[in-house]
file input.pdb (PDB, C-alpha atoms and all ligand atoms)
MODEL        1
ATOM      1  CA  MET A   1      68.838 121.289  89.548  1.00  0.00           C
ATOM      2  CA  LYS A   2      69.528 123.565  86.604  1.00  0.00           C
ATOM      3  CA  PHE A   3      71.421 126.870  86.829  1.00  0.00           C
ATOM      4  CA  PHE A   4      70.000 130.003  85.241  1.00  0.00           C
ATOM      5  CA  ILE A   5      71.928 133.285  85.226  1.00  0.00           C
ATOM      6  CA  ASP A   6      69.986 136.185  86.764  1.00  0.00           C
ATOM      7  CA  THR A   7      71.221 139.287  84.947  1.00  0.00           C
ATOM      8  CA  ALA A   8      70.574 141.438  81.887  1.00  0.00           C
ATOM      9  CA  ASP A   9      74.283 142.231  81.461  1.00  0.00           C
ATOM     10  CA  LEU A  10      75.285 140.750  78.113  1.00  0.00           C
ATOM     11  CA  ALA A  11      78.960 140.318  79.037  1.00  0.00           C
ATOM     12  CA  GLU A  12      78.040 138.460  82.231  1.00  0.00           C
ATOM     13  CA  ILE A  13      75.585 136.289  80.324  1.00  0.00           C
ATOM     14  CA  LYS A  14      78.148 135.426  77.630  1.00  0.00           C
ATOM     15  CA  THR A  15      80.797 134.567  80.236  1.00  0.00           C
ATOM     16  CA  ALA A  16      78.508 132.407  82.363  1.00  0.00           C
ATOM     17  CA  TYR A  17      77.044 130.694  79.275  1.00  0.00           C
ATOM     18  CA  SER A  18      80.572 129.880  78.041  1.00  0.00           C
ATOM     19  CA  TRP A  19      81.097 127.823  81.203  1.00  0.00           C
ATOM     20  CA  GLY A  20      78.654 125.234  79.840  1.00  0.00           C
ATOM     21  CA  CYS A  21      76.547 124.916  82.974  1.00  0.00           C
ATOM     22  CA  VAL A  22      73.996 127.666  82.353  1.00  0.00           C
ATOM     23  CA  ALA A  23      70.594 126.390  81.231  1.00  0.00           C
ATOM     24  CA  GLY A  24      68.700 129.677  81.083  1.00  0.00           C
ATOM     25  CA  VAL A  25      68.671 133.436  81.620  1.00  0.00           C
ATOM     26  CA  THR A  26      66.297 135.549  83.708  1.00  0.00           C
ATOM     27  CA  THR A  27      65.986 139.320  83.501  1.00  0.00           C
ATOM     28  CA  ASN A  28      63.684 141.880  85.076  1.00  0.00           C
ATOM     29  CA  PRO A  29      63.130 145.650  84.673  1.00  0.00           C
ATOM     30  CA  SER A  30      65.565 146.433  87.525  1.00  0.00           C
ATOM     31  CA  LEU A  31      68.287 144.261  85.998  1.00  0.00           C
ATOM     32  CA  TYR A  32      67.767 145.930  82.599  1.00  0.00           C
ATOM     33  CA  ALA A  33      67.891 149.395  84.227  1.00  0.00           C
ATOM     34  CA  LYS A  34      71.199 148.380  85.837  1.00  0.00           C
ATOM     35  CA  THR A  35      72.741 147.911  82.366  1.00  0.00           C
ATOM     36  CA  GLY A  36      71.984 151.590  81.575  1.00  0.00           C
ATOM     37  CA  GLY A  37      69.706 150.459  78.750  1.00  0.00           C
ATOM     38  CA  LYS A  38      67.028 152.752  77.313  1.00  0.00           C
ATOM     39  CA  LEU A  39      63.375 151.896  76.640  1.00  0.00           C
ATOM     40  CA  ALA A  40      63.902 152.113  72.870  1.00  0.00           C
ATOM     41  CA  ASP A  41      66.682 149.506  73.058  1.00  0.00           C
ATOM     42  CA  PHE A  42      64.904 147.025  75.364  1.00  0.00           C
ATOM     43  CA  GLU A  43      63.620 144.611  72.726  1.00  0.00           C
ATOM     44  CA  ALA A  44      66.876 144.715  70.739  1.00  0.00           C
ATOM     45  CA  HIS A  45      68.761 143.942  73.962  1.00  0.00           C
ATOM     46  CA  MET A  46      66.513 140.934  74.632  1.00  0.00           C
ATOM     47  CA  VAL A  47      67.202 139.705  71.080  1.00  0.00           C
ATOM     48  CA  LYS A  48      70.967 140.009  71.710  1.00  0.00           C
ATOM     49  CA  ILE A  49      70.636 137.914  74.893  1.00  0.00           C
ATOM     50  CA  ALA A  50      68.442 135.327  73.161  1.00  0.00           C
ATOM     51  CA  GLU A  51      70.911 135.057  70.270  1.00  0.00           C
ATOM     52  CA  ALA A  52      73.912 134.808  72.626  1.00  0.00           C
ATOM     53  CA  CYS A  53      72.472 131.631  74.147  1.00  0.00           C
ATOM     54  CA  PRO A  54      70.028 130.274  71.569  1.00  0.00           C
ATOM     55  CA  ASP A  55      69.452 126.838  73.105  1.00  0.00           C
ATOM     56  CA  VAL A  56      68.200 127.983  76.526  1.00  0.00           C
ATOM     57  CA  PRO A  57      65.125 129.914  77.714  1.00  0.00           C
ATOM     58  CA  VAL A  58      65.520 133.670  78.238  1.00  0.00           C
ATOM     59  CA  SER A  59      62.943 135.415  80.436  1.00  0.00           C
ATOM     60  CA  ALA A  60      61.967 138.916  79.257  1.00  0.00           C
ATOM     61  CA  GLU A  61      59.635 140.731  81.640  1.00  0.00           C
ATOM     62  CA  SER A  62      56.531 142.633  80.585  1.00  0.00           C
ATOM     63  CA  THR A  63      55.798 145.931  82.325  1.00  0.00           C
ATOM     64  CA  ALA A  64      52.193 146.086  81.085  1.00  0.00           C
ATOM     65  CA  THR A  65      49.428 146.480  83.664  1.00  0.00           C
ATOM     66  CA  THR A  66      46.263 145.177  81.997  1.00  0.00           C
ATOM     67  CA  THR A  67      45.576 141.659  80.744  1.00  0.00           C
ATOM     68  CA  GLU A  68      45.135 142.886  77.177  1.00  0.00           C
ATOM     69  CA  GLU A  69      48.411 144.820  77.254  1.00  0.00           C
ATOM     70  CA  MET A  70      50.246 141.883  78.849  1.00  0.00           C
ATOM     71  CA  VAL A  71      48.987 139.528  76.145  1.00  0.00           C
ATOM     72  CA  ALA A  72      49.945 141.989  73.390  1.00  0.00           C
ATOM     73  CA  GLU A  73      53.396 142.668  74.884  1.00  0.00           C
ATOM     74  CA  GLY A  74      53.876 138.975  75.637  1.00  0.00           C
ATOM     75  CA  LEU A  75      53.128 138.010  72.036  1.00  0.00           C
ATOM     76  CA  ARG A  76      55.520 140.717  70.816  1.00  0.00           C
ATOM     77  CA  LEU A  77      58.323 139.610  73.167  1.00  0.00           C
ATOM     78  CA  ALA A  78      57.810 135.930  72.321  1.00  0.00           C
ATOM     79  CA  ALA A  79      58.045 136.762  68.605  1.00  0.00           C
ATOM     80  CA  LEU A  80      61.511 138.317  69.095  1.00  0.00           C
ATOM     81  CA  ALA A  81      63.222 134.912  69.355  1.00  0.00           C
ATOM     82  CA  PRO A  82      62.093 131.285  69.728  1.00  0.00           C
ATOM     83  CA  ASN A  83      63.723 130.923  73.171  1.00  0.00           C
ATOM     84  CA  ILE A  84      62.051 133.938  74.798  1.00  0.00           C
ATOM     85  CA  VAL A  85      59.840 133.249  77.820  1.00  0.00           C
ATOM     86  CA  VAL A  86      57.492 136.019  78.941  1.00  0.00           C
ATOM     87  CA  LYS A  87      57.934 137.004  82.578  1.00  0.00           C
ATOM     88  CA  LEU A  88      54.881 138.399  84.337  1.00  0.00           C
ATOM     89  CA  PRO A  89      54.476 139.514  87.978  1.00  0.00           C
ATOM     90  CA  ILE A  90      51.703 137.634  89.841  1.00  0.00           C
ATOM     91  CA  CYS A  91      48.374 139.487  89.915  1.00  0.00           C
ATOM     92  CA  ALA A  92      44.828 138.907  88.647  1.00  0.00           C
ATOM     93  CA  GLU A  93      45.625 140.493  85.273  1.00  0.00           C
ATOM     94  CA  SER A  94      48.747 138.379  84.723  1.00  0.00           C
ATOM     95  CA  LEU A  95      46.984 135.124  85.615  1.00  0.00           C
ATOM     96  CA  ALA A  96      44.414 135.810  82.894  1.00  0.00           C
ATOM     97  CA  ALA A  97      47.209 136.821  80.502  1.00  0.00           C
ATOM     98  CA  THR A  98      49.106 133.604  81.268  1.00  0.00           C
ATOM     99  CA  LYS A  99      46.103 131.494  80.324  1.00  0.00           C
ATOM    100  CA  GLU A 100      45.694 133.423  77.078  1.00  0.00           C
ATOM    101  CA  LEU A 101      49.408 133.348  76.202  1.00  0.00           C
ATOM    102  CA  LYS A 102      49.494 129.596  76.806  1.00  0.00           C
ATOM    103  CA  LYS A 103      46.763 129.185  74.174  1.00  0.00           C
ATOM    104  CA  HIS A 104      49.190 130.862  71.735  1.00  0.00           C
ATOM    105  CA  GLY A 105      52.017 128.511  72.777  1.00  0.00           C
ATOM    106  CA  VAL A 106      53.876 131.219  74.732  1.00  0.00           C
ATOM    107  CA  ASN A 107      55.661 130.125  77.911  1.00  0.00           C
ATOM    108  CA  VAL A 108      55.227 132.333  80.987  1.00  0.00           C
ATOM    109  CA  ASN A 109      57.533 132.682  83.986  1.00  0.00           C
ATOM    110  CA  MET A 110      55.420 134.055  86.845  1.00  0.00           C
ATOM    111  CA  THR A 111      57.527 136.173  89.135  1.00  0.00           C
ATOM    112  CA  LEU A 112      57.307 137.968  92.492  1.00  0.00           C
ATOM    113  CA  ILE A 113      55.948 134.778  94.074  1.00  0.00           C
ATOM    114  CA  PHE A 114      56.141 134.824  97.874  1.00  0.00           C
ATOM    115  CA  THR A 115      53.421 132.415  99.023  1.00  0.00           C
ATOM    116  CA  VAL A 116      52.100 128.911  98.367  1.00  0.00           C
ATOM    117  CA  PRO A 117      48.675 130.144  97.133  1.00  0.00           C
ATOM    118  CA  GLN A 118      50.355 132.530  94.669  1.00  0.00           C
ATOM    119  CA  ALA A 119      52.509 129.687  93.308  1.00  0.00           C
ATOM    120  CA  LEU A 120      49.549 127.308  92.958  1.00  0.00           C
ATOM    121  CA  MET A 121      47.404 129.954  91.247  1.00  0.00           C
ATOM    122  CA  ALA A 122      50.211 130.586  88.755  1.00  0.00           C
ATOM    123  CA  CYS A 123      50.518 126.846  88.039  1.00  0.00           C
ATOM    124  CA  SER A 124      46.769 126.567  87.653  1.00  0.00           C
ATOM    125  CA  ALA A 125      46.720 129.411  85.106  1.00  0.00           C
ATOM    126  CA  GLY A 126      49.326 127.507  83.087  1.00  0.00           C
ATOM    127  CA  ALA A 127      52.606 129.200  83.997  1.00  0.00           C
ATOM    128  CA  ARG A 128      55.558 127.189  82.631  1.00  0.00           C
ATOM    129  CA  TYR A 129      57.750 128.518  85.466  1.00  0.00           C
ATOM    130  CA  VAL A 130      57.060 129.994  88.910  1.00  0.00           C
ATOM    131  CA  SER A 131      59.726 132.142  90.553  1.00  0.00           C
ATOM    132  CA  PRO A 132      59.535 132.202  94.357  1.00  0.00           C
ATOM    133  CA  PHE A 133      61.844 134.847  95.868  1.00  0.00           C
ATOM    134  CA  VAL A 134      64.210 133.904  98.685  1.00  0.00           C
ATOM    135  CA  GLY A 135      66.547 136.826  99.416  1.00  0.00           C
ATOM    136  CA  ARG A 136      63.820 139.443  99.699  1.00  0.00           C
ATOM    137  CA  PHE A 137      62.310 137.482 102.626  1.00  0.00           C
ATOM    138  CA  ASP A 138      65.739 137.407 104.267  1.00  0.00           C
ATOM    139  CA  ASP A 139      65.966 141.194 103.685  1.00  0.00           C
ATOM    140  CA  ILE A 140      62.948 141.711 105.961  1.00  0.00           C
ATOM    141  CA  ALA A 141      64.217 139.296 108.644  1.00  0.00           C
ATOM    142  CA  GLU A 142      62.045 136.385 107.511  1.00  0.00           C
ATOM    143  CA  ASP A 143      63.248 132.950 106.385  1.00  0.00           C
ATOM    144  CA  GLY A 144      63.256 132.847 102.593  1.00  0.00           C
ATOM    145  CA  ILE A 145      64.443 129.248 102.449  1.00  0.00           C
ATOM    146  CA  GLU A 146      61.560 128.111 104.676  1.00  0.00           C
ATOM    147  CA  GLN A 147      59.100 129.859 102.338  1.00  0.00           C
ATOM    148  CA  LEU A 148      60.769 128.230  99.326  1.00  0.00           C
ATOM    149  CA  ALA A 149      60.494 124.812 101.026  1.00  0.00           C
ATOM    150  CA  ASN A 150      56.742 125.277 101.451  1.00  0.00           C
ATOM    151  CA  ILE A 151      56.306 126.293  97.812  1.00  0.00           C
ATOM    152  CA  VAL A 152      58.402 123.361  96.510  1.00  0.00           C
ATOM    153  CA  THR A 153      56.361 120.880  98.576  1.00  0.00           C
ATOM    154  CA  ALA A 154      53.006 122.343  97.574  1.00  0.00           C
ATOM    155  CA  VAL A 155      53.758 122.699  93.851  1.00  0.00           C
ATOM    156  CA  LYS A 156      55.284 119.223  93.616  1.00  0.00           C
ATOM    157  CA  ASN A 157      52.204 117.755  95.330  1.00  0.00           C
ATOM    158  CA  TYR A 158      50.190 118.680  92.254  1.00  0.00           C
ATOM    159  CA  TYR A 159      52.368 119.549  89.255  1.00  0.00           C
ATOM    160  CA  ALA A 160      55.108 117.689  87.358  1.00  0.00           C
ATOM    161  CA  PRO A 161      58.109 119.721  86.096  1.00  0.00           C
ATOM    162  CA  GLU A 162      56.785 119.182  82.543  1.00  0.00           C
ATOM    163  CA  HIS A 163      53.839 121.394  83.571  1.00  0.00           C
ATOM    164  CA  THR A 164      55.579 123.945  85.782  1.00  0.00           C
ATOM    165  CA  GLU A 165      59.183 124.230  86.926  1.00  0.00           C
ATOM    166  CA  ILE A 166      60.143 126.072  90.095  1.00  0.00           C
ATOM    167  CA  ILE A 167      62.837 128.714  89.665  1.00  0.00           C
ATOM    168  CA  ALA A 168      64.316 129.574  93.065  1.00  0.00           C
ATOM    169  CA  ALA A 169      64.898 133.315  92.574  1.00  0.00           C
ATOM    170  CA  SER A 170      66.308 136.241  94.504  1.00  0.00           C
ATOM    171  CA  LEU A 171      69.205 134.017  95.505  1.00  0.00           C
ATOM    172  CA  ARG A 172      72.199 135.864  96.872  1.00  0.00           C
ATOM    173  CA  THR A 173      74.710 133.280  98.142  1.00  0.00           C
ATOM    174  CA  PRO A 174      76.127 129.810  97.414  1.00  0.00           C
ATOM    175  CA  ASN A 175      74.313 128.616 100.524  1.00  0.00           C
ATOM    176  CA  HIS A 176      70.992 129.772  99.037  1.00  0.00           C
ATOM    177  CA  VAL A 177      71.876 127.662  95.975  1.00  0.00           C
ATOM    178  CA  THR A 178      72.692 124.646  98.153  1.00  0.00           C
ATOM    179  CA  GLN A 179      69.441 124.955 100.077  1.00  0.00           C
ATOM    180  CA  ALA A 180      67.395 125.372  96.876  1.00  0.00           C
ATOM    181  CA  ALA A 181      68.955 122.159  95.495  1.00  0.00           C
ATOM    182  CA  LEU A 182      68.377 120.207  98.719  1.00  0.00           C
ATOM    183  CA  LEU A 183      64.725 121.278  98.698  1.00  0.00           C
ATOM    184  CA  GLY A 184      64.277 120.040  95.126  1.00  0.00           C
ATOM    185  CA  ALA A 185      63.806 123.331  93.279  1.00  0.00           C
ATOM    186  CA  ASP A 186      64.040 122.563  89.548  1.00  0.00           C
ATOM    187  CA  ILE A 187      66.140 125.643  88.789  1.00  0.00           C
ATOM    188  CA  ALA A 188      68.217 128.207  90.679  1.00  0.00           C
ATOM    189  CA  THR A 189      68.565 131.589  89.015  1.00  0.00           C
ATOM    190  CA  VAL A 190      71.783 133.086  90.287  1.00  0.00           C
ATOM    191  CA  PRO A 191      73.357 136.552  89.876  1.00  0.00           C
ATOM    192  CA  PHE A 192      76.787 136.526  88.219  1.00  0.00           C
ATOM    193  CA  ALA A 193      78.719 137.417  91.399  1.00  0.00           C
ATOM    194  CA  ALA A 194      77.045 134.601  93.351  1.00  0.00           C
ATOM    195  CA  MET A 195      77.595 132.214  90.415  1.00  0.00           C
ATOM    196  CA  GLU A 196      81.335 132.995  90.555  1.00  0.00           C
ATOM    197  CA  LYS A 197      81.337 132.365  94.316  1.00  0.00           C
ATOM    198  CA  CYS A 198      79.670 128.995  93.690  1.00  0.00           C
ATOM    199  CA  LEU A 199      82.698 127.995  91.587  1.00  0.00           C
ATOM    200  CA  HIS A 200      85.230 128.424  94.346  1.00  0.00           C
ATOM    201  CA  HIS A 201      86.278 126.779  97.577  1.00  0.00           C
ATOM    202  CA  PRO A 202      89.516 127.428  99.514  1.00  0.00           C
ATOM    203  CA  LEU A 203      90.337 123.703  99.489  1.00  0.00           C
ATOM    204  CA  THR A 204      89.891 123.602  95.690  1.00  0.00           C
ATOM    205  CA  ASP A 205      92.294 126.560  95.332  1.00  0.00           C
ATOM    206  CA  ARG A 206      94.787 124.963  97.755  1.00  0.00           C
ATOM    207  CA  GLY A 207      94.526 121.592  95.980  1.00  0.00           C
ATOM    208  CA  LEU A 208      95.064 123.190  92.578  1.00  0.00           C
ATOM    209  CA  ALA A 209      98.167 125.046  93.818  1.00  0.00           C
ATOM    210  CA  ALA A 210      99.557 121.757  95.204  1.00  0.00           C
ATOM    211  CA  PHE A 211      98.893 119.910  91.910  1.00  0.00           C
ATOM    212  CA  GLU A 212     100.672 122.659  89.966  1.00  0.00           C
ATOM    213  CA  ALA A 213     103.658 122.699  92.346  1.00  0.00           C
ATOM    214  CA  ASP A 214     103.989 118.902  92.284  1.00  0.00           C
ATOM    215  CA  TRP A 215     103.632 118.762  88.494  1.00  0.00           C
ATOM    216  CA  LYS A 216     106.518 121.275  88.195  1.00  0.00           C
ATOM    217  CA  LYS A 217     108.676 118.766  90.126  1.00  0.00           C
ATOM    218  CA  VAL A 218     107.711 116.054  87.613  1.00  0.00           C
ATOM    219  CA  THR A 219     108.426 118.203  84.548  1.00  0.00           C
ATOM    220  CA  SER A 220     111.710 119.617  85.929  1.00  0.00           C
ATOM    221  CA  ALA A 221     112.936 116.046  86.659  1.00  0.00           C
ATOM    222  CA  GLN A 222     112.868 115.143  82.882  1.00  0.00           C
TER     223      GLN A 222
HETATM  224  O1  LIG B   1      63.640 138.832  89.307  1.00  0.00           O
HETATM  225  C1  LIG B   1      64.119 138.009  90.081  1.00  0.00           C
HETATM  226  C2  LIG B   1      65.342 138.218  90.838  1.00  0.00           C
HETATM  227  O2  LIG B   1      65.884 136.935  91.145  1.00  0.00           O
HETATM  228  C3  LIG B   1      65.179 139.065  92.057  1.00  0.00           C
HETATM  229  O3  LIG B   1      66.385 139.136  92.775  1.00  0.00           O
HETATM  230  P1  LIG B   1      66.642 140.294  93.861  1.00  0.00           P
HETATM  231  O4  LIG B   1      65.716 140.066  95.011  1.00  0.00           O
HETATM  232  O5  LIG B   1      68.078 140.101  94.270  1.00  0.00           O
HETATM  233  O6  LIG B   1      66.385 141.593  93.187  1.00  0.00           O
ENDMDL
END
call {"tool": "encode", "arguments": {"input": "input.pdb", "output": "C-alpha cells"}}
result
Amino acid sequence: MKFFIDTADLAEIKTAYSWGCVAGVTTNPSLYAKTGGKLADFEAHMVKIAEACPDVPVSAESTATTTEEMVAEGLRLAALAPNIVVKLPICAESLAATKELKKHGVNVNMTLIFTVPQALMACSAGARYVSPFVGRFDDIAEDGIEQLANIVTAVKNYYAPEHTEIIAASLRTPNHVTQAALLGADIATVPFAAMEKCLHHPLTDRGLAAFEADWKKVTSAQ
C-alpha cells in the first residue's frame, strides 16, 4: 500500500515528502481553506505543491458544478503541472466530466465516495482513483472500515489497479491505516498528524533509548 499525504499545507507536504515514503498528495477545498489561502492564489499554490514533489501525483480539486465547467477547470488544473490529478466529487456531472477528461489524458480522482455503487460508477466512467471515506462514517456512528472493505472487494472484482486505484481517505488514526492495508486498499491518504503517529511506537522509543545508552558504554570504554 502506498502512502499519500492528505493536506494542502506546503510545509507539512515538504516534511512528509522528505521522509521518502510519500507517493502522492491529496488536497480538497477545506484543506486549502485551512491554509488561509485566497481564491486568487489557489492555482499558484497547487503549482508550488506539484513542484515540491514532482515525481508523485498531486490531487487538486475542482469546485465547478456543471460538466462543462468541470472539464474546463480540470483541463486548466492539469495544465499547471504534469503531476496534477483532477479531483472531482461524485455526481452525474462529474462522471460525464471524468469520461471527457480521460479522453484528453487527464487523470481524475473521484472523491466523496461512500458506497459500492458510487465507486463502481466512478471506475466505469474512467476515474484513475476512487477515494472512499472512512472517518466520516465513524463520525456518524457507522463503521467506515466495513464500508471500505465492501468497496475494496467490489472494485477489485472488476478493475485492476492499472485502471483504478483505491485511495482510502478520511483516515484519522494509525489503526485506520492498518485496516486499510489489511483490506488491500492501494493507497492510504493520511493527514500529517496521523502520519507522524504512524511513525512511532513506545517500544521503538524505548528500544532506541536503550541502544543509545548501551552505545555510550561502548564509546566511553575506548
Ligand atoms: O478529501 C479527503 C479527505 O481525506 C477527507 O478527510 P476528512 O473526512 O478528515 O475531512
call {"tool": "closest_residue", "arguments": {"input": "input.pdb", "among": "A:Thr204, A:Thr98, A:Gln179, A:Thr27", "to": "Ile84 in chain A", "atoms": "all atoms listed in the file"}}
result
A:Thr27
call {"tool": "residues_around", "arguments": {"input": "input.pdb", "residues": "Lys87 in chain A", "least_positions_apart": "4", "cutoff": "8 Å", "atoms": "only C-alpha atoms", "output": "compact mmCIF listing (two decimals) with C-alpha atoms, in the frame of the given file"}}
result
# COMPACT_ATOMS: atom_id res chain seq x y z
CA ASN A 28 63.68 141.88 85.08
CA SER A 59 62.94 135.42 80.44
CA ALA A 60 61.97 138.92 79.26
CA GLU A 61 59.64 140.73 81.64
CA SER A 62 56.53 142.63 80.58
CA VAL A 108 55.23 132.33 80.99
CA ASN A 109 57.53 132.68 83.99
CA MET A 110 55.42 134.06 86.84
CA THR A 111 57.53 136.17 89.14
call {"tool": "residues_around", "arguments": {"input": "input.pdb", "residues": "Lys48 in chain A", "least_positions_apart": "2", "cutoff": "12 Å", "atoms": "all atoms listed in the file", "output": "list in words"}}
result
Ala8, Asp9, Leu10, Ala11, Ile13, Lys14, Asp41, Phe42, Glu43, Ala44, His45, Met46, Ala50, Glu51, Ala52, Cys53, Pro54, Val58, Ala60, Leu80, Ala81, Asn83 and Ile84 of chain A
call {"tool": "closest_atom_pairs", "arguments": {"input": "input.pdb", "of": "chain A", "to": "ligand LIG 1 (chain B)", "cutoff": "6 Å", "atoms": "only C-alpha atoms and all ligand atoms", "output": "Markdown table"}}
result
| residue | atom | partner | partner_atom | distance |
| --- | --- | --- | --- | --- |
| A:Asn28 | CA | B:LIG1 | O1 | 5.2 |
| A:Gly135 | CA | B:LIG1 | O4 | 5.5 |
| A:Arg136 | CA | B:LIG1 | O4 | 5.1 |
| A:Ala169 | CA | B:LIG1 | O2 | 4.0 |
| A:Ser170 | CA | B:LIG1 | O3 | 3.4 |
call {"tool": "residues_around", "arguments": {"input": "input.pdb", "residues": "Val106 in chain A", "least_positions_apart": "4", "cutoff": "10 Å", "atoms": "only C-alpha atoms", "output": "list in words"}}
result
Val71, Gly74, Leu75, Leu77, Ala78, Ala79, Pro82, Asn83, Ile84, Val85, Val86, Thr98, Lys99, Glu100, Leu101, Lys102, Ala127 and Arg128 of chain A
call {"tool": "resolve_selection", "arguments": {"input": "input.pdb", "expression": "the PyMOL selection byres (((chain A and resi 188) around 8) and not hetatm)", "output": "list in words"}}
result
Met1, Lys2, Phe3, Phe4, Ile167, Ala168, Ala169, Leu171, Val177, Ala180, Ala181, Ala185, Asp186, Ile187, Thr189 and Val190 of chain A
call {"tool": "closest_residue", "arguments": {"input": "input.pdb", "among": "A:Leu112, A:Ala141, A:Ala72, A:Val218", "to": "Cys91 in chain A", "atoms": "only C-alpha atoms"}}
result
A:Leu112
call {"tool": "residues_around", "arguments": {"input": "input.pdb", "residues": "range 191-195 of chain A", "least_positions_apart": "5", "cutoff": "7 Å", "atoms": "only C-alpha atoms", "output": "PyMOL selection string"}}
result
chain A and resi 5-7+12+172-174
call {"tool": "closest_residue", "arguments": {"input": "input.pdb", "among": "A:Gln222, A:Thr35, A:Thr26, A:Ser94", "to": "Thr63 in chain A", "atoms": "only C-alpha atoms"}}
result
A:Ser94
call {"tool": "closest_residue", "arguments": {"input": "input.pdb", "among": "A:Ala96, A:Ile49, A:Lys197, A:Asp214", "to": "Glu68 in chain A", "atoms": "all atoms listed in the file"}}
result
A:Ala96
call {"tool": "atom_distance", "arguments": {"input": "input.pdb", "atom1": "CA of Phe114 in chain A", "atom2": "CA of Gln147 in chain A"}}
result
7.3 Å
